[in-house]
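Student: Structure incoming, see below.
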Amino acid sequence: MSAALQLRACGVIPVVELAEPELAVPLAHLLSDAGLPAIEVTFRAAGAPQAIAAIRAAAPDVLVAAGTVLDRDNAWQALDAGAHLIVAPGTNPALIEFVLSKGGWMLPGVATPSEIEANLALDIGTMKLFPSELLGGVAYLRALAGPYKTVRFVPTGGISTTNLGEYLTVPSVEACGGTWIAPAEVLKGRDWGRISEAAREAAAIARAIRAGELAGSAP
């Protein structure tokens with residue numbers, strides 16, 4: 001399965017800040033066992049490249065994204081570590097072109113129609129909508145679908161199990177990102193049970209909606 005198909009199949013990509021890179025592999029295994037074989041390791045923590053490389057080596061079936069990538073140095077570190085996907089909070093054409101020139105998959109952040117069109121000009125068809133809830137959430141996504149029928153989004157910001165299902169029913173949404181599954185303070189406390197419960201709940205919501213899509217497309 002390609003990384004793009006895996007992202008949609010998961011429906012949810014947990015966003016994590018790993019201040020302790022040694023937690024990367026057990027966390028990736030836990031998420032995968034809970035039904036979410038995907039993780040976004042943000043560069044807000046210094047050990048992100050090491051965490052990404054460790055997950056890629058120990059959990060090859062897990063989709064690994066590098067998040068909060070702001071410059072070429074971070075992008076190169078992420079790609080060198082084996083990240084499948086480079087995620088940025090905004091649209092930086094120089095960064096996007098650098099990642100694409102290295103054969104990487106780029107998921108830039110957008111908030112406005114102008115940014116969407118800037119990415120379309122670079123042949124980017126899937127974008128991160130951030131900060132989603134503050135921008136208008138599901139209503140905003142449905143409004144964007146009018147002029148941008150082919151664009152797909154990964155909304156992030158203000159999403160949790162309370163509104164995850166509503167987001168995933170929007171046809172243009174590939175998956176949702178969020179920190180609610182494995183927050184930094186929960187990781188610091190090694191509360192694996194809480195993380196597993198949150199991941200299983202999110203996976204069940206996504207699985208039910210994606211199964212409905214498949215049933216609806218059957219002849």
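Every chain in the structure tokens has a letter given in the order shown (A, B, ...), and although residue numbers restart at 1 in each chain, ligands are simply numbered from 1 in the order shown.
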Please report, as CSV, each residue of range 68-146 of chain A lying at most 10 Å from range 153-157 of chain A, together with the nearest pair of atoms and the separation in Å rounded to one decimal; use only C-alpha atoms, and order rows by chain and ascending residue number.
Tutor:
```
residue,atom,partner,partner_atom,distance
A:Pro89,CA,A:Thr156,CA,9.5
A:Leu107,CA,A:Val154,CA,8.5
A:Pro108,CA,A:Val154,CA,9.8
A:Gly109,CA,A:Val154,CA,9.0
A:Val110,CA,A:Phe153,CA,9.3
A:Gly125,CA,A:Phe153,CA,8.5
A:Thr126,CA,A:Phe153,CA,5.5
A:Met127,CA,A:Phe153,CA,4.9
A:Lys128,CA,A:Val154,CA,4.6
A:Leu129,CA,A:Pro155,CA,4.4
A:Phe130,CA,A:Thr156,CA,5.4
A:Pro131,CA,A:Gly157,CA,4.6
A:Ser132,CA,A:Gly157,CA,5.1
A:Glu133,CA,A:Gly157,CA,6.1
A:Leu134,CA,A:Gly157,CA,7.7
A:Leu135,CA,A:Gly157,CA,9.4
A:Gly137,CA,A:Pro155,CA,8.2
A:Val138,CA,A:Pro155,CA,9.2
A:Leu141,CA,A:Phe153,CA,8.3
```
Student: What's around Ala59 in chain A at 10 Å? Count only C-alpha atoms, leave out sequence neighbours fewer than 3 positions away in its own chain, and write the answer as a ChimeraX atom specification.
Tutor: /A:25-26,28-29,32,37,53-56,62-64
Student: For the selection you just gave me, I'd like the residues written to a file as a compact mmCIF listing (two decimals), in the first residue's frame, keeping N, CA and C atoms.
Tutor:
```
# COMPACT_ATOMS: atom_id res chain seq x y z
N VAL A 25 9.76 4.08 19.42
CA VAL A 25 9.42 2.73 18.94
C VAL A 25 8.28 2.11 19.74
N PRO A 26 8.33 2.12 21.08
CA PRO A 26 7.16 1.56 21.79
C PRO A 26 5.86 2.30 21.48
N ALA A 28 5.11 3.82 18.58
CA ALA A 28 4.69 3.42 17.23
C ALA A 28 4.04 2.05 17.25
N HIS A 29 4.62 1.12 17.99
CA HIS A 29 4.04 -0.23 18.09
C HIS A 29 2.67 -0.18 18.76
N SER A 32 0.10 1.25 16.33
CA SER A 32 -0.20 0.28 15.28
C SER A 32 -1.10 -0.83 15.82
N PRO A 37 -1.65 2.68 12.36
CA PRO A 37 -0.25 2.53 11.96
C PRO A 37 0.30 3.77 11.27
N ALA A 53 14.03 7.81 12.50
CA ALA A 53 14.88 6.72 12.03
C ALA A 53 14.63 5.44 12.82
N ALA A 54 14.42 5.57 14.13
CA ALA A 54 14.19 4.40 14.97
C ALA A 54 12.87 3.71 14.60
N ILE A 55 11.83 4.51 14.36
CA ILE A 55 10.54 3.93 13.99
C ILE A 55 10.63 3.24 12.63
N ARG A 56 11.27 3.88 11.68
CA ARG A 56 11.39 3.29 10.34
C ARG A 56 12.13 1.97 10.39
N VAL A 62 4.64 1.15 9.66
CA VAL A 62 4.03 2.38 10.19
C VAL A 62 4.37 3.55 9.28
N LEU A 63 3.36 4.32 8.91
CA LEU A 63 3.56 5.55 8.14
C LEU A 63 4.15 6.61 9.06
N VAL A 64 5.31 7.14 8.68
CA VAL A 64 5.99 8.11 9.54
C VAL A 64 6.08 9.46 8.84
```
Student: Considering only C-alpha atoms, return as a list in words whatever protein or nucleic-acid residues lie within 9 Å of Ile86 in chain A, sequence-local ones (same chain, fewer than 4 positions apart) excluded.
Tutor: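 Listed by chain and then number, they are Ala65, Ala66, Gly67, Thr68, Val69, Ala75, Ala78, Leu79, Val99, Gly104, Trp105, Met106, Leu107 and Pro108 of chain A.
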Student: Based on the selection just made, write C-alpha atoms of those residues as a PDB file, in the first residue's frame.
Tutor:
```pdb
ATOM      1  CA  ALA A  65       5.557  11.834   8.945  1.00  0.00           C
ATOM      2  CA  ALA A  66       7.910  14.599  10.024  1.00  0.00           C
ATOM      3  CA  GLY A  67       5.930  17.531  11.387  1.00  0.00           C
ATOM      4  CA  THR A  68       6.569  21.232  12.003  1.00  0.00           C
ATOM      5  CA  VAL A  69       9.243  21.242   9.307  1.00  0.00           C
ATOM      6  CA  ALA A  75      13.493  18.685   5.758  1.00  0.00           C
ATOM      7  CA  ALA A  78      13.673  14.163   8.082  1.00  0.00           C
ATOM      8  CA  LEU A  79      14.179  12.713   4.617  1.00  0.00           C
ATOM      9  CA  VAL A  99      11.357  18.417  -0.718  1.00  0.00           C
ATOM     10  CA  GLY A 104       9.806  13.511  -0.966  1.00  0.00           C
ATOM     11  CA  TRP A 105       6.075  13.798  -0.330  1.00  0.00           C
ATOM     12  CA  MET A 106       5.168  17.280   0.933  1.00  0.00           C
ATOM     13  CA  LEU A 107       2.087  18.233   2.935  1.00  0.00           C
ATOM     14  CA  PRO A 108       2.131  22.039   3.272  1.00  0.00           C
TER      15      PRO A 108
END
```
Student: Per DSSP on the backbone, what are the alpha helix (DSSP H) residues of range 17-199 of chain A, as a ChimeraX atom specification?
Tutor: /A:24-33,48-58,72-81,93-101,113-120,132-135,137-144,164-168,184-188,192-199
Student: For the structure I just gave you, how does DSSP split chain A - specifically, which residues are strand (DSSP E or B)? Reply as a PyMOL selection string.
Tutor: chain A and resi 12-16+38-42+63-67+85-87+105-107+109-110+126-129+152-156+173+176-178
Student: Could you list, as a ChimeraX atom specification, every residue within 12 Å of Ala121 in chain A, counting only C-alpha atoms and ignoring same-chain residues fewer than 6 positions away?
Tutor: /A:91,93,96-97,114-115
Student: Take the residues from that selection and write them out as a short mmCIF file (atom, residue, chain, number, x, y, z; two decimals), in the first residue's frame, keeping C-alpha atoms.
Tutor:
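File produced: out14.cif:
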```
data_model
loop_
_atom_site.label_atom_id
_atom_site.label_comp_id
_atom_site.auth_asym_id
_atom_site.auth_seq_id
_atom_site.Cartn_x
_atom_site.Cartn_y
_atom_site.Cartn_z
CA THR A 91 3.15 27.21 2.57
CA PRO A 93 7.45 27.47 -1.91
CA ILE A 96 8.17 22.61 -1.00
CA GLU A 97 10.39 22.70 -4.08
CA SER A 114 -4.62 31.98 -2.09
CA GLU A 115 -2.39 29.44 -0.34
#
```
Student: Env of Ala182 in chain A: 9 Å cut, atoms = only C-alpha atoms, seq-sep filter 2 positions within chain, self excluded. Answer as a ChimeraX atom specification.
Tutor: /A:14-17,27,178-180,184-187,192,194-196,198-199
Student: I'd like the interatomic distance between CA of Leu5 in chain A and CA of Ala34 in chain A, to a tenth of an Å.
Tutor: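 Those two atoms sit 18.6 Å apart.
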